[in-house]
Structure formats: C-alpha cells, structure tokens
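As provided, start.csv (CSV, C-alpha atoms and all ligand atoms) reads as follows.
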```
chain,number,residue,atom,x,y,z
A,1,MET,CA,6.6,2.3,-8.6
A,2,MET,CA,4.2,4.2,-10.7
A,3,PHE,CA,1.5,5.2,-8.3
A,4,GLN,CA,3.6,7.0,-5.8
A,5,GLN,CA,3.7,10.5,-7.3
A,6,SER,CA,0.0,11.0,-7.7
A,7,SER,CA,-1.2,8.9,-4.8
A,8,ARG,CA,-2.5,12.0,-2.9
A,9,SER,CA,-5.5,12.7,-5.1
A,10,LEU,CA,-6.2,9.0,-5.6
A,11,LEU,CA,-6.1,8.4,-1.9
A,12,ASP,CA,-8.7,11.2,-1.3
A,13,ALA,CA,-11.0,9.6,-3.8
A,14,SER,CA,-10.6,6.2,-2.3
A,15,LYS,CA,-11.3,7.1,1.3
A,16,LYS,CA,-15.1,7.2,0.7
A,17,SER,CA,-15.3,3.6,-0.5
A,18,SER,CA,-13.0,1.8,2.0
A,19,SER,CA,-14.9,-1.1,3.5
A,20,PHE,CA,-12.9,-4.2,4.3
A,21,ARG,CA,-14.8,-7.3,5.3
A,22,TRP,CA,-14.2,-11.0,5.6
A,23,THR,CA,-17.2,-13.2,5.2
A,24,SER,CA,-16.5,-16.8,6.0
A,25,SER,CA,-14.5,-19.3,8.1
A,26,VAL,CA,-12.6,-22.9,7.2
A,27,GLY,CA,1.1,-29.8,4.7
A,28,ARG,CA,4.2,-28.6,3.7
A,29,THR,CA,6.6,-26.9,1.3
A,30,PHE,CA,7.9,-28.8,-1.6
A,31,SER,CA,10.7,-27.3,-3.8
A,32,SER,CA,14.1,-28.6,-2.9
A,33,ARG,CA,15.8,-25.7,-4.5
A,34,SER,CA,16.4,-22.4,-2.8
A,35,PRO,CA,13.9,-19.4,-3.2
A,36,GLN,CA,16.4,-17.6,-5.4
A,37,ASP,CA,15.8,-20.2,-8.1
A,38,TRP,CA,12.0,-20.1,-7.9
A,39,VAL,CA,11.8,-17.0,-10.1
A,40,THR,CA,14.0,-16.4,-13.1
A,41,THR,CA,14.1,-13.4,-15.5
A,42,GLU,CA,15.2,-13.7,-19.1
A,43,GLU,CA,16.0,-11.2,-21.8
A,44,THR,CA,14.3,-11.4,-25.2
A,45,ASP,CA,15.7,-10.3,-28.5
A,46,ASP,CA,13.9,-7.0,-27.9
A,47,PRO,CA,15.7,-5.2,-25.0
A,48,SER,CA,12.4,-3.5,-23.9
A,49,ILE,CA,10.8,-6.9,-23.2
A,50,ALA,CA,11.7,-9.3,-20.5
A,51,ILE,CA,10.3,-12.7,-19.3
A,52,LEU,CA,9.6,-13.5,-15.7
A,53,LYS,CA,9.3,-17.3,-15.1
A,54,MET,CA,7.9,-18.9,-12.0
A,55,ASN,CA,9.8,-22.0,-11.3
A,56,ARG,CA,8.7,-23.5,-8.0
A,57,ALA,CA,7.8,-27.1,-8.6
A,58,PRO,CA,5.4,-28.7,-8.2
A,59,ALA,CA,2.7,-26.0,-8.4
A,60,ASN,CA,4.3,-22.5,-8.2
A,61,THR,CA,2.4,-21.9,-5.0
A,62,LEU,CA,2.8,-18.6,-3.3
A,63,SER,CA,4.6,-18.9,0.0
A,64,LEU,CA,6.0,-15.8,1.7
A,65,GLU,CA,9.4,-16.3,0.0
A,66,MET,CA,7.8,-17.0,-3.4
A,67,CYS,CA,5.8,-13.7,-3.2
A,68,THR,CA,8.9,-11.9,-2.1
A,69,GLU,CA,11.0,-13.3,-5.0
A,70,ILE,CA,8.4,-12.4,-7.6
A,71,SER,CA,8.2,-8.8,-6.2
A,72,LYS,CA,12.0,-8.6,-6.1
A,73,ALA,CA,12.2,-9.6,-9.8
A,74,ILE,CA,9.6,-7.1,-10.9
A,75,LYS,CA,11.4,-4.3,-9.0
A,76,GLU,CA,14.7,-5.3,-10.6
A,77,LEU,CA,13.2,-5.3,-14.1
A,78,GLU,CA,11.6,-1.9,-13.4
A,79,SER,CA,14.9,-0.5,-12.3
A,80,ASN,CA,16.3,-1.0,-15.8
A,81,LYS,CA,15.0,2.0,-17.8
A,82,LYS,CA,15.2,0.1,-21.0
A,83,THR,CA,12.7,-2.5,-19.8
A,84,GLN,CA,9.1,-1.6,-20.7
A,85,ALA,CA,7.3,-4.9,-20.6
A,86,VAL,CA,7.4,-8.2,-18.8
A,87,ILE,CA,5.8,-11.5,-19.8
A,88,LEU,CA,4.8,-13.5,-16.7
A,89,THR,CA,4.7,-17.2,-17.2
A,90,SER,CA,5.5,-20.6,-15.7
A,91,SER,CA,8.2,-23.1,-16.4
A,92,LEU,CA,6.0,-26.0,-15.2
A,93,PRO,CA,4.3,-28.1,-17.8
A,94,THR,CA,0.6,-27.8,-16.6
A,95,ILE,CA,0.4,-25.2,-13.8
A,96,PHE,CA,0.7,-21.5,-14.0
A,97,SER,CA,0.3,-21.1,-10.3
A,98,ALA,CA,-1.9,-23.1,-7.9
A,99,GLY,CA,-2.4,-20.0,-5.7
A,100,LEU,CA,-1.5,-19.4,-2.1
A,101,ASP,CA,0.7,-22.1,-0.6
A,102,LEU,CA,-1.9,-23.7,1.7
A,103,THR,CA,0.9,-24.8,4.1
A,104,GLU,CA,1.1,-21.1,5.0
A,105,LEU,CA,-2.6,-21.1,6.0
A,106,HIS,CA,-3.0,-24.5,7.5
A,107,ASN,CA,-1.7,-24.7,11.2
A,108,PRO,CA,0.0,-21.4,10.6
A,109,ASP,CA,3.0,-20.0,12.4
A,110,LYS,CA,1.4,-17.1,14.2
A,111,ASP,CA,4.4,-14.8,13.8
A,112,ARG,CA,4.9,-15.6,10.2
A,113,LEU,CA,1.2,-15.3,9.1
A,114,PRO,CA,1.1,-11.5,9.1
A,115,ALA,CA,4.4,-11.3,7.2
A,116,PHE,CA,3.1,-13.8,4.7
A,117,TRP,CA,-0.1,-11.8,4.0
A,118,GLY,CA,2.0,-8.6,3.8
A,119,ALA,CA,4.2,-10.2,1.2
A,120,PHE,CA,1.1,-11.3,-0.8
A,121,GLN,CA,-0.3,-7.7,-0.6
A,122,GLN,CA,3.1,-6.4,-1.7
A,123,LEU,CA,3.1,-8.7,-4.7
A,124,TYR,CA,-0.4,-7.3,-5.7
A,125,PHE,CA,1.0,-3.8,-5.4
A,126,ASP,CA,4.1,-4.6,-7.4
A,127,LEU,CA,2.4,-6.5,-10.2
A,128,TYR,CA,-1.0,-4.7,-10.5
A,129,GLY,CA,0.7,-1.3,-10.1
A,130,SER,CA,3.9,-2.0,-12.2
A,131,ARG,CA,5.0,0.8,-14.5
A,132,LEU,CA,5.8,-2.1,-17.0
A,133,ALA,CA,3.3,-3.4,-19.5
A,134,THR,CA,2.5,-6.9,-18.1
A,135,ILE,CA,1.5,-9.8,-20.3
A,136,GLY,CA,0.2,-12.9,-18.5
A,137,ALA,CA,1.2,-15.9,-20.6
A,138,ILE,CA,-1.0,-18.4,-18.7
A,139,ASN,CA,0.3,-21.8,-19.6
A,140,GLY,CA,-1.6,-23.9,-17.1
A,141,HIS,CA,-4.0,-23.9,-14.1
A,142,ALA,CA,-4.4,-20.5,-12.4
A,143,PRO,CA,-6.8,-20.9,-9.4
A,144,ALA,CA,-7.4,-18.4,-6.6
A,145,ALA,CA,-4.2,-16.4,-6.0
A,146,GLY,CA,-2.9,-17.9,-9.3
A,147,CYS,CA,-5.8,-16.1,-10.9
A,148,MET,CA,-4.8,-12.9,-9.0
A,149,LEU,CA,-1.4,-13.0,-10.8
A,150,ALA,CA,-3.2,-13.3,-14.1
A,151,LEU,CA,-5.7,-10.5,-13.2
A,152,SER,CA,-2.8,-8.3,-12.3
A,153,CYS,CA,-1.4,-8.4,-15.8
A,154,ASP,CA,-2.5,-5.9,-18.4
A,155,TYR,CA,-3.2,-8.5,-21.1
A,156,ARG,CA,-3.8,-12.2,-20.6
A,157,ILE,CA,-3.3,-15.0,-23.1
A,158,MET,CA,-4.0,-18.6,-22.0
A,159,SER,CA,-3.1,-21.9,-23.6
A,160,LYS,CA,-4.6,-24.5,-21.2
A,161,GLY,CA,-5.8,-25.2,-17.7
A,162,ASN,CA,-8.5,-23.7,-15.6
A,163,ILE,CA,-8.7,-20.2,-14.1
A,164,GLY,CA,-10.9,-18.5,-11.5
A,165,LEU,CA,-11.4,-17.7,-7.9
A,166,ASN,CA,-12.4,-21.0,-6.3
A,167,GLU,CA,-11.9,-19.9,-2.6
A,168,SER,CA,-15.5,-20.7,-1.7
A,169,LYS,CA,-14.7,-24.3,-2.4
A,170,LEU,CA,-12.1,-24.2,0.4
A,171,GLY,CA,-14.6,-22.6,2.7
A,172,ILE,CA,-13.0,-19.2,2.5
A,173,CYS,CA,-13.6,-16.0,0.6
A,174,ALA,CA,-11.2,-14.0,-1.6
A,175,PRO,CA,-10.0,-10.8,0.1
A,176,PRO,CA,-12.0,-7.6,-0.9
A,177,TRP,CA,-9.2,-6.3,-3.1
A,178,LEU,CA,-8.9,-9.5,-5.1
A,179,GLY,CA,-12.7,-9.8,-5.3
A,180,GLN,CA,-12.7,-6.3,-6.6
A,181,GLN,CA,-10.1,-7.1,-9.3
A,182,PHE,CA,-12.3,-9.9,-10.4
A,183,ILE,CA,-15.5,-7.8,-10.5
A,184,ASP,CA,-13.6,-5.0,-12.3
A,185,THR,CA,-12.6,-7.5,-15.0
A,186,ILE,CA,-15.7,-9.6,-15.6
A,187,GLY,CA,-18.5,-7.5,-14.1
A,188,LEU,CA,-20.5,-7.7,-11.0
A,189,ARG,CA,-23.1,-10.4,-11.9
A,190,LYS,CA,-20.7,-12.8,-13.5
A,191,ALA,CA,-18.3,-12.3,-10.6
A,192,GLU,CA,-21.1,-12.8,-8.1
A,193,LEU,CA,-22.0,-16.1,-9.6
A,194,ALA,CA,-18.4,-17.3,-10.0
A,195,LEU,CA,-17.3,-16.2,-6.5
A,196,ASN,CA,-20.2,-17.9,-4.8
A,197,MET,CA,-19.9,-21.1,-6.7
A,198,GLY,CA,-16.0,-21.1,-6.7
A,199,THR,CA,-16.1,-21.6,-10.5
A,200,LEU,CA,-12.9,-22.5,-12.4
A,201,PHE,CA,-13.2,-21.7,-16.1
A,202,ASP,CA,-11.6,-23.6,-18.9
A,203,THR,CA,-9.9,-21.4,-21.6
A,204,LYS,CA,-13.0,-21.1,-23.7
A,205,ALA,CA,-15.3,-20.2,-20.9
A,206,ALA,CA,-12.7,-17.8,-19.5
A,207,LEU,CA,-12.5,-16.0,-22.9
A,208,ASP,CA,-16.3,-15.9,-23.1
A,209,ILE,CA,-16.7,-14.1,-19.8
A,210,GLY,CA,-13.7,-11.8,-20.4
A,211,LEU,CA,-11.4,-13.3,-17.8
A,212,ILE,CA,-8.7,-13.8,-20.4
A,213,ASP,CA,-8.1,-11.8,-23.6
A,214,GLU,CA,-7.0,-14.6,-26.0
A,215,ILE,CA,-6.6,-18.3,-26.3
A,216,VAL,CA,-3.4,-19.5,-27.9
A,217,GLY,CA,-1.9,-22.8,-28.9
A,218,GLU,CA,0.5,-24.4,-26.4
A,219,ASP,CA,3.4,-24.0,-28.8
A,220,ASP,CA,2.6,-20.4,-29.6
A,221,VAL,CA,2.4,-19.0,-26.1
A,222,MET,CA,5.8,-17.2,-26.0
A,223,ASP,CA,5.6,-15.9,-29.6
A,224,VAL,CA,2.2,-14.5,-29.1
A,225,ALA,CA,3.2,-13.0,-25.7
A,226,LYS,CA,6.1,-11.3,-27.3
A,227,THR,CA,4.0,-9.9,-30.1
A,228,ARG,CA,1.4,-8.6,-27.6
A,229,ALA,CA,4.2,-7.1,-25.5
A,230,SER,CA,5.6,-5.3,-28.5
A,231,GLN,CA,2.1,-3.8,-29.2
A,232,TRP,CA,1.9,-2.5,-25.6
A,233,VAL,CA,5.4,-1.1,-25.7
A,234,ALA,CA,4.6,0.7,-28.9
A,235,ILE,CA,2.2,2.9,-26.9
A,236,PRO,CA,4.1,5.9,-25.4
A,237,ALA,CA,5.0,4.9,-21.8
A,238,PRO,CA,3.6,8.0,-20.1
A,239,ALA,CA,0.2,7.3,-21.7
A,240,ARG,CA,0.3,3.6,-20.8
A,241,VAL,CA,1.2,4.4,-17.2
A,242,ALA,CA,-1.5,7.1,-16.9
A,243,CYS,CA,-4.1,4.7,-18.3
A,244,LYS,CA,-3.1,2.1,-15.7
A,245,GLU,CA,-3.3,4.7,-13.0
A,246,LEU,CA,-6.7,5.7,-14.2
A,247,THR,CA,-8.1,2.1,-14.1
A,248,ARG,CA,-6.2,0.7,-11.1
A,249,GLY,CA,-5.0,3.6,-8.9
A,250,ARG,CA,-8.1,3.8,-6.7
A,251,GLN,CA,-8.1,0.1,-5.9
A,252,LEU,CA,-4.4,0.1,-5.1
A,253,ASN,CA,-4.6,3.1,-2.9
A,254,GLU,CA,-7.6,1.8,-1.1
A,255,LEU,CA,-5.6,-1.3,0.0
A,256,LYS,CA,-2.5,0.9,0.8
A,257,GLU,CA,-4.7,2.9,3.2
A,258,ASN,CA,-6.1,-0.3,4.8
A,259,ARG,CA,-3.1,-2.5,4.7
A,260,LYS,CA,-2.8,-3.1,8.4
A,261,GLN,CA,-6.5,-3.7,8.8
A,262,ASP,CA,-6.5,-6.2,6.0
A,263,VAL,CA,-3.6,-8.1,7.6
A,264,ASP,CA,-5.5,-8.2,10.9
A,265,HIS,CA,-8.7,-9.4,9.3
A,266,PHE,CA,-6.8,-12.1,7.4
A,267,CYS,CA,-5.0,-13.4,10.4
A,268,SER,CA,-8.0,-13.6,12.7
A,269,PHE,CA,-10.0,-15.2,9.8
A,270,VAL,CA,-7.4,-17.8,9.1
A,271,ASN,CA,-6.9,-18.6,12.8
A,272,GLN,CA,-10.5,-19.6,13.3
A,273,GLU,CA,-11.0,-23.3,14.2
A,274,ALA,CA,-13.6,-23.8,11.5
A,275,MET,CA,-11.3,-22.3,8.9
A,276,GLN,CA,-8.5,-24.6,9.9
A,277,ARG,CA,-10.8,-27.6,9.8
A,278,ASN,CA,-11.9,-26.7,6.3
A,279,LEU,CA,-8.3,-26.3,5.1
A,280,GLY,CA,-7.3,-29.6,6.6
A,281,PHE,CA,-10.2,-31.3,4.8
A,282,TYR,CA,-9.3,-29.6,1.5
A,283,PHE,CA,-5.7,-30.9,1.8
A,284,GLU,CA,-7.0,-34.4,2.3
A,285,GLN,CA,-9.2,-34.1,-0.8
A,286,LEU,CA,-6.2,-32.9,-2.8
A,287,ALA,CA,-4.2,-35.9,-1.8
A,288,LYS,CA,-7.1,-38.3,-2.4
A,289,ARG,CA,-7.7,-36.8,-5.8
A,290,LYS,CA,-4.2,-37.7,-6.8
A,291,LYS,CA,-4.4,-41.3,-5.6
B,1,LIG,C1,-8.1,-16.5,3.4
B,1,LIG,C2,-8.3,-15.8,2.2
B,1,LIG,C3,-7.2,-16.1,1.2
B,1,LIG,C4,-7.8,-15.9,-0.2
B,1,LIG,C5,-6.8,-15.8,-1.3
B,1,LIG,C6,-6.3,-16.8,-2.0
B,1,LIG,C7,-6.6,-18.2,-1.7
B,1,LIG,C8,-5.7,-19.2,-2.4
B,1,LIG,O1,-5.0,-19.0,-3.3
B,1,LIG,S1,-5.9,-20.7,-1.7
B,1,LIG,C9,-5.2,-21.8,-2.8
B,1,LIG,C10,-6.2,-22.3,-3.8
B,1,LIG,N1,-5.7,-23.2,-4.7
B,1,LIG,C11,-6.3,-24.3,-5.0
B,1,LIG,O2,-7.4,-24.6,-4.6
B,1,LIG,C12,-5.6,-25.2,-6.0
B,1,LIG,C13,-5.3,-26.6,-5.4
B,1,LIG,N2,-4.6,-27.4,-6.3
B,1,LIG,C14,-5.2,-28.0,-7.3
B,1,LIG,O3,-6.4,-28.0,-7.5
B,1,LIG,C15,-4.3,-28.8,-8.2
B,1,LIG,O4,-3.1,-29.0,-7.6
B,1,LIG,C16,-4.1,-28.2,-9.6
B,1,LIG,C17,-5.4,-28.3,-10.4
B,1,LIG,C18,-3.6,-26.8,-9.6
B,1,LIG,C19,-3.0,-29.0,-10.4
B,1,LIG,O5,-3.4,-30.4,-10.4
B,1,LIG,P1,-2.3,-31.5,-10.7
B,1,LIG,O6,-1.5,-31.1,-11.9
B,1,LIG,O7,-3.0,-32.8,-10.7
B,1,LIG,O8,-1.2,-31.4,-9.5
B,1,LIG,P2,-1.4,-31.9,-8.0
B,1,LIG,O9,-2.8,-31.7,-7.5
B,1,LIG,O10,-0.9,-33.3,-8.0
B,1,LIG,O11,-0.4,-30.9,-7.3
B,1,LIG,C20,1.0,-31.1,-7.2
B,1,LIG,C21,1.4,-30.9,-5.8
B,1,LIG,O12,1.2,-29.6,-5.4
B,1,LIG,C22,0.3,-29.6,-4.2
B,1,LIG,N3,-0.5,-28.4,-4.2
B,1,LIG,C23,-1.3,-28.0,-5.2
B,1,LIG,N4,-1.9,-26.8,-4.9
B,1,LIG,C24,-1.4,-26.5,-3.7
B,1,LIG,C25,-1.6,-25.3,-2.9
B,1,LIG,N5,-2.4,-24.3,-3.3
B,1,LIG,N6,-0.9,-25.3,-1.7
B,1,LIG,C26,-0.1,-26.3,-1.3
B,1,LIG,N7,0.1,-27.4,-2.1
B,1,LIG,C27,-0.5,-27.5,-3.3
B,1,LIG,C28,-0.5,-30.9,-4.3
B,1,LIG,O13,-0.9,-31.3,-3.0
B,1,LIG,C29,0.6,-31.8,-4.8
B,1,LIG,O14,1.4,-32.2,-3.8
B,1,LIG,P3,2.1,-33.7,-3.7
B,1,LIG,O15,0.9,-34.6,-3.6
B,1,LIG,O16,3.0,-33.7,-2.5
B,1,LIG,O17,2.8,-33.9,-5.0
```
So that I can check it, write out the structure of this file as structure tokens.
Amino acid sequence: MMFQQSSRSLLDASKKSSSFRWTSSVGRTFSSRSPQDWVTTEETDDPSIAILKMNRAPANTLSLEMCTEISKAIKELESNKKTQAVILTSSLPTIFSAGLDLTELHNPDKDRLPAFWGAFQQLYFDLYGSRLATIGAINGHAPAAGCMLALSCDYRIMSKGNIGLNESKLGICAPPWLGQQFIDTIGLRKAELALNMGTLFDTKAALDIGLIDEIVGEDDVMDVAKTRASQWVAIPAPARVACKELTRGRQLNELKENRKQDVDHFCSFVNQEAMQRNLGFYFEQLAKRKK
C-alpha cells in the first residue's frame, strides 16, 4: 500500500483536524454464488492495465464478504509489479453498486457489525489509497457506498444511472470520511446541498457538478476506460503515487488514526431504535417501488 512509508508526517498533519461525528438516527442476502465469484479480475491486451468487475447480482451491494473480496482483488493486482492501472466496473446491466448491503444494517448481528464496518473502511483504504491508477467505469446506478467506490477512483467515466450520496433519504448520514471525499470532489456548498437533500445525480448533472469526469456511450465504456487508463499509466508511477498521496494522504491517515472510534460510532448509531425503524421503512419502500 502506497501510504505506509510516509504516513508519519501525514499523520502529524492530520491530528489537528480529527473530529469524528455522527449526526442522525434510522432483508437478506441475494447472490446464490459464492463470494469468490462476486469479484473477477481480467487482463487486457496491455499488461499494465487490469479490469476488476463486480459481479454480485442483483445489485453489487457491499456486504462484509463483498468488501473483503474487492479489497483482496486490489491487493492481488497491486502485488503484480507490471500492473499499473485498474478499471473498476460492474458486470450487471444497470447497476454499478447499490451501496452498502442494507441487510448488514437492518436487525444486525451485533458481533458481525463491527467487522462489517471494518471491512468497509478497509475497502476505502485499499481503493482510495491504491498505488494503481484507478479508473471508475461507472456503467449504472452508484448511490451511497456505490458512490464511495466511484469517488475512490482517480478518474470517473459514466454511461448511465444515478450517482450521489443519498443517505439522508434513509434517515442516516454518510460517515465523515465519505462526506469529506464528496466535499473534496465537488466543493463544500454543492456537497452541503446534495448531502442534506440526498440528491442522486443523472450523468449530465453529475458531470456539471464535477462528480464524474466524463460521460460515455454505453457501448464505449470499456474502450474509453482503457484509453484513460493508458493515459494515467503514461505518467511516471512515482509522480502519480506522490500526487495521490498529496491529495488523499491526510484523509486516509485521519481515518487510520480514528478507525476504532469510527467503528464504535457506526455501531452505536446503527443500533439505535429509530435508525432501525427508518431502515425497515426504507426496505419496504424499495420492495413497493418494484411492485
Ligand atoms: C450508517 C452510515 C452508513 C453510511 C454509508 C453508506 C450507506 C449506504 O450505502 S446505504 C445503501 C444505500 N443504497 C440505496 O439507497 C440504493 C437502494 N437501491 C435502489 O435504489 C435501487 O435498487 C437501484 C436504483 C440501485 C436499482 O434499481 P432497480 O434496477 O430497479 O433494482 P431493484 O430496486 O429491483 O433492486 C434489485 C434487488 O436488490 C435489492 N437492493 C437494492 N439495493 C439494495 C441495498 N443497498 N441493500 C440490499 N438490497 C438492495 C432490492 O431490494 C432488490 O431486491 P429483490 O426485490 O429481492 O429483487
């Protein structure tokens, strides 16, 4: 992982600004296949560029195991010196990732809940802090933690669907580090409005506010992603990694310093009765919407 060597100085800088707060209160798992099949990696004709596909029907939701599998795949790709870039995408037709698996949050298993959040934090560390150039090929909806996956990439192209942090609509609030990623990407005022209203942006609106970098046609996603990956790989790796450390190091180290505190906040937040009521209600709405 790229941030380990220089974490001392970054940690010192981040100590001042550590303030972790949670601000609000509010099933089942679907894929029949085993977690090992939920994430696949593929080579491309350029040995420096790999593809990581999320493959957990029906919605690529992030359960503990899904987070772990994505993290594992990133680490495996990083361990190959030749690999310099990864394209993160979905094999599902209309969904990039529907965010956290709500079955992890609703009536949670008390022992599993901290491990789940730890795996989600780890995924943030592994993707946002990867030594690889990361291209988000967002080929469908990317709400909430799905948006976190996109925000953690270095460059985002999107063909269809909606993207944003809609947590407030579920009666919850994004964790500070995810909120900060959003603010760092689109700016405080736009983030303030979008976080409060739980706005999901279509591709055009997402491009307008700088949440994505490019809109691409559905059939062109992988070609454009490969072209962009080649452009990122053409930058000398030490410079690319140093730039990433410059822009992301403080935020990553801040969470590393506060990891346990963040898990504790999350667990007590999710276990609140009101939070559980809101989640139950949201699930009902999801099911009704389908009917
Ligand atoms: C406490 C702080 C934590 C903060 C951090 C992150 C928070 C989160 O990530 S919370 C998750 C937020 N996600 C959402 O609000 C998305 C909810 N889903 C949708 O809006 C739609 O599913 C979506 C627009 C993504 C796709 O719509 P459709 O193509 O019409 O698909 P379906 O709605 O039919 O979904 C298929 C299937 O998947 C189930 N599903 C969808 N999302 C989730 C989810 N996040 N967790 C669990 N299950 C989910 C949905 O119910 C359908 O199930 P079936 O009815 O059994 O087919």
>> So, with only C-alpha atoms as the atoms that count, which of A:Gln36, A:Asn253, A:Thr199, A:Asn258 lies closest to A:Gly129?
In response: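 Closest to A:Gly129 of all the choices is A:Asn253.
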Could you pull out the residues sitting within 8 Å of ligand LIG 1 (chain B), using all atoms listed in the file, and write them as a compact mmCIF listing (two decimals) with C-alpha atoms, in the frame of the given file?
```txt
# COMPACT_ATOMS: atom_id res chain seq x y z
CA GLY A 27 1.10 -29.80 4.70
CA ARG A 28 4.20 -28.60 3.70
CA THR A 29 6.60 -26.90 1.30
CA PHE A 30 7.90 -28.80 -1.60
CA ALA A 57 7.80 -27.10 -8.60
CA PRO A 58 5.40 -28.70 -8.20
CA ALA A 59 2.70 -26.00 -8.40
CA THR A 61 2.40 -21.90 -5.00
CA LEU A 62 2.80 -18.60 -3.30
CA THR A 94 0.60 -27.80 -16.60
CA ILE A 95 0.40 -25.20 -13.80
CA SER A 97 0.30 -21.10 -10.30
CA ALA A 98 -1.90 -23.10 -7.90
CA GLY A 99 -2.40 -20.00 -5.70
CA LEU A 100 -1.50 -19.40 -2.10
CA ASP A 101 0.70 -22.10 -0.60
CA LEU A 102 -1.90 -23.70 1.70
CA THR A 103 0.90 -24.80 4.10
CA LEU A 105 -2.60 -21.10 6.00
CA HIS A 141 -4.00 -23.90 -14.10
CA ALA A 142 -4.40 -20.50 -12.40
CA PRO A 143 -6.80 -20.90 -9.40
CA ALA A 144 -7.40 -18.40 -6.60
CA ALA A 145 -4.20 -16.40 -6.00
CA GLY A 146 -2.90 -17.90 -9.30
CA GLY A 161 -5.80 -25.20 -17.70
CA ASN A 162 -8.50 -23.70 -15.60
CA LEU A 165 -11.40 -17.70 -7.90
CA ASN A 166 -12.40 -21.00 -6.30
CA GLU A 167 -11.90 -19.90 -2.60
CA LYS A 169 -14.70 -24.30 -2.40
CA LEU A 170 -12.10 -24.20 0.40
CA ILE A 172 -13.00 -19.20 2.50
CA CYS A 173 -13.60 -16.00 0.60
CA ALA A 174 -11.20 -14.00 -1.60
CA PRO A 175 -10.00 -10.80 0.10
CA LEU A 178 -8.90 -9.50 -5.10
CA PHE A 266 -6.80 -12.10 7.40
CA PHE A 269 -10.00 -15.20 9.80
CA VAL A 270 -7.40 -17.80 9.10
CA PHE A 283 -5.70 -30.90 1.80
CA LEU A 286 -6.20 -32.90 -2.80
CA ALA A 287 -4.20 -35.90 -1.80
CA ARG A 289 -7.70 -36.80 -5.80
CA LYS A 290 -4.20 -37.70 -6.80
```
>> From the options A:Ile215, A:Leu255, A:Leu193, A:Ala274, which residue's atoms come nearest to A:Ser159, counting only C-alpha atoms?
In response: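 Distance minimum relative to A:Ser159 lands on A:Ile215.
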Taking a cut-off of 12 Å and counting all atoms listed in the file, can you build a table that, for each residue of stretch 151-170 of chain A near stretch 69-88 of chain A, reports the nearest atom pair and how far apart they are in Å (one decimal), sorted by chain then residue number, as CSV?
```
residue,atom,partner,partner_atom,distance
A:Leu151,CA,A:Leu88,CA,11.5
A:Ser152,CA,A:Leu88,CA,10.2
A:Cys153,CA,A:Leu88,CA,8.1
A:Asp154,CA,A:Ala85,CA,10.1
A:Tyr155,CA,A:Ile87,CA,9.6
A:Arg156,CA,A:Leu88,CA,9.5
A:Ile157,CA,A:Ile87,CA,10.3
A:Met158,CA,A:Leu88,CA,11.5
```
> Quick one: of A:Phe125, A:Gly198, A:Met222, A:Arg33, who's nearest to A:Lys53, counting only C-alpha atoms?
Replying inline: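 Looking at the shortest contact to A:Lys53, the residue is A:Met222.
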>> Applying 9 Å and all atoms listed in the file, which residues near A:Lys110 remain after dropping the ones on its own chain fewer than 4 positions away? List them as a PyMOL selection string.
In response: chain A and resi 114+267+271
> For A:Asn107, which residue out of A:Asp46, A:Asp184, A:Glu273, A:Asp202 is the nearest one, using all atoms listed in the file?
Replying inline: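 Among A:Asp46, A:Asp184, A:Glu273, A:Asp202, it is A:Glu273 that comes nearest to A:Asn107.
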>> I'd like to know which of A:Ser130, A:Thr185, A:Asn139, A:Gln122 is closest to A:Met54, using all atoms listed in the file.
In response: A:Asn139
> If you measure from atom CA of A:Thr89 to atom CA of A:Lys244, what distance in Å do you get, rounded to one decimal?
Replying inline: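 So the two atoms, atom CA of A:Thr89 and atom CA of A:Lys244, lie 20.9 Å apart.
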> Expressed in Å to a single decimal, how great is the separation between atom CA of A:Arg277 and atom CA of A:Leu113?
Replying inline: 17.2 Å
> If we count all atoms listed in the file, what is near A:Phe201 at a cut-off of 8 Å, once residues fewer than 4 positions away on the same chain are taken out, given as a PyMOL selection string?
Replying inline: chain A and resi 162-164+205-206
How would stretch 228-244 of chain A look with N, CA and C atoms restored, written as a compact mmCIF listing (two decimals), in the coordinates of the input?
```txt
# COMPACT_ATOMS: atom_id res chain seq x y z
N ARG A 228 2.32 -9.44 -28.41
CA ARG A 228 1.40 -8.60 -27.60
C ARG A 228 2.24 -7.55 -26.82
N ALA A 229 3.35 -8.01 -26.26
CA ALA A 229 4.20 -7.10 -25.50
C ALA A 229 4.71 -5.97 -26.38
N SER A 230 5.09 -6.30 -27.60
CA SER A 230 5.60 -5.30 -28.50
C SER A 230 4.49 -4.24 -28.81
N GLN A 231 3.25 -4.74 -28.94
CA GLN A 231 2.10 -3.80 -29.20
C GLN A 231 1.93 -2.86 -28.03
N TRP A 232 2.05 -3.39 -26.81
CA TRP A 232 1.90 -2.50 -25.60
C TRP A 232 3.03 -1.55 -25.50
N VAL A 233 4.23 -2.02 -25.81
CA VAL A 233 5.40 -1.10 -25.70
C VAL A 233 5.35 -0.03 -26.73
N ALA A 234 4.67 -0.27 -27.84
CA ALA A 234 4.60 0.70 -28.90
C ALA A 234 3.76 1.97 -28.45
N ILE A 235 2.95 1.79 -27.43
CA ILE A 235 2.20 2.90 -26.90
C ILE A 235 3.16 3.76 -26.03
N PRO A 236 3.16 5.09 -26.19
CA PRO A 236 4.10 5.90 -25.40
C PRO A 236 3.93 5.59 -23.88
N ALA A 237 5.07 5.35 -23.23
CA ALA A 237 5.00 4.90 -21.80
C ALA A 237 4.21 5.81 -20.91
N PRO A 238 4.35 7.15 -21.00
CA PRO A 238 3.60 8.00 -20.10
C PRO A 238 2.06 7.76 -20.23
N ALA A 239 1.61 7.55 -21.47
CA ALA A 239 0.20 7.30 -21.70
C ALA A 239 -0.23 5.97 -21.12
N ARG A 240 0.61 4.99 -21.34
CA ARG A 240 0.30 3.60 -20.80
C ARG A 240 0.22 3.66 -19.30
N VAL A 241 1.19 4.33 -18.70
CA VAL A 241 1.20 4.40 -17.20
C VAL A 241 0.01 5.18 -16.69
N ALA A 242 -0.32 6.26 -17.38
CA ALA A 242 -1.50 7.10 -16.90
C ALA A 242 -2.77 6.28 -17.06
N CYS A 243 -2.89 5.49 -18.13
CA CYS A 243 -4.10 4.70 -18.30
C CYS A 243 -4.20 3.65 -17.16
N LYS A 244 -3.05 3.10 -16.80
CA LYS A 244 -3.10 2.10 -15.70
C LYS A 244 -3.49 2.76 -14.41
```
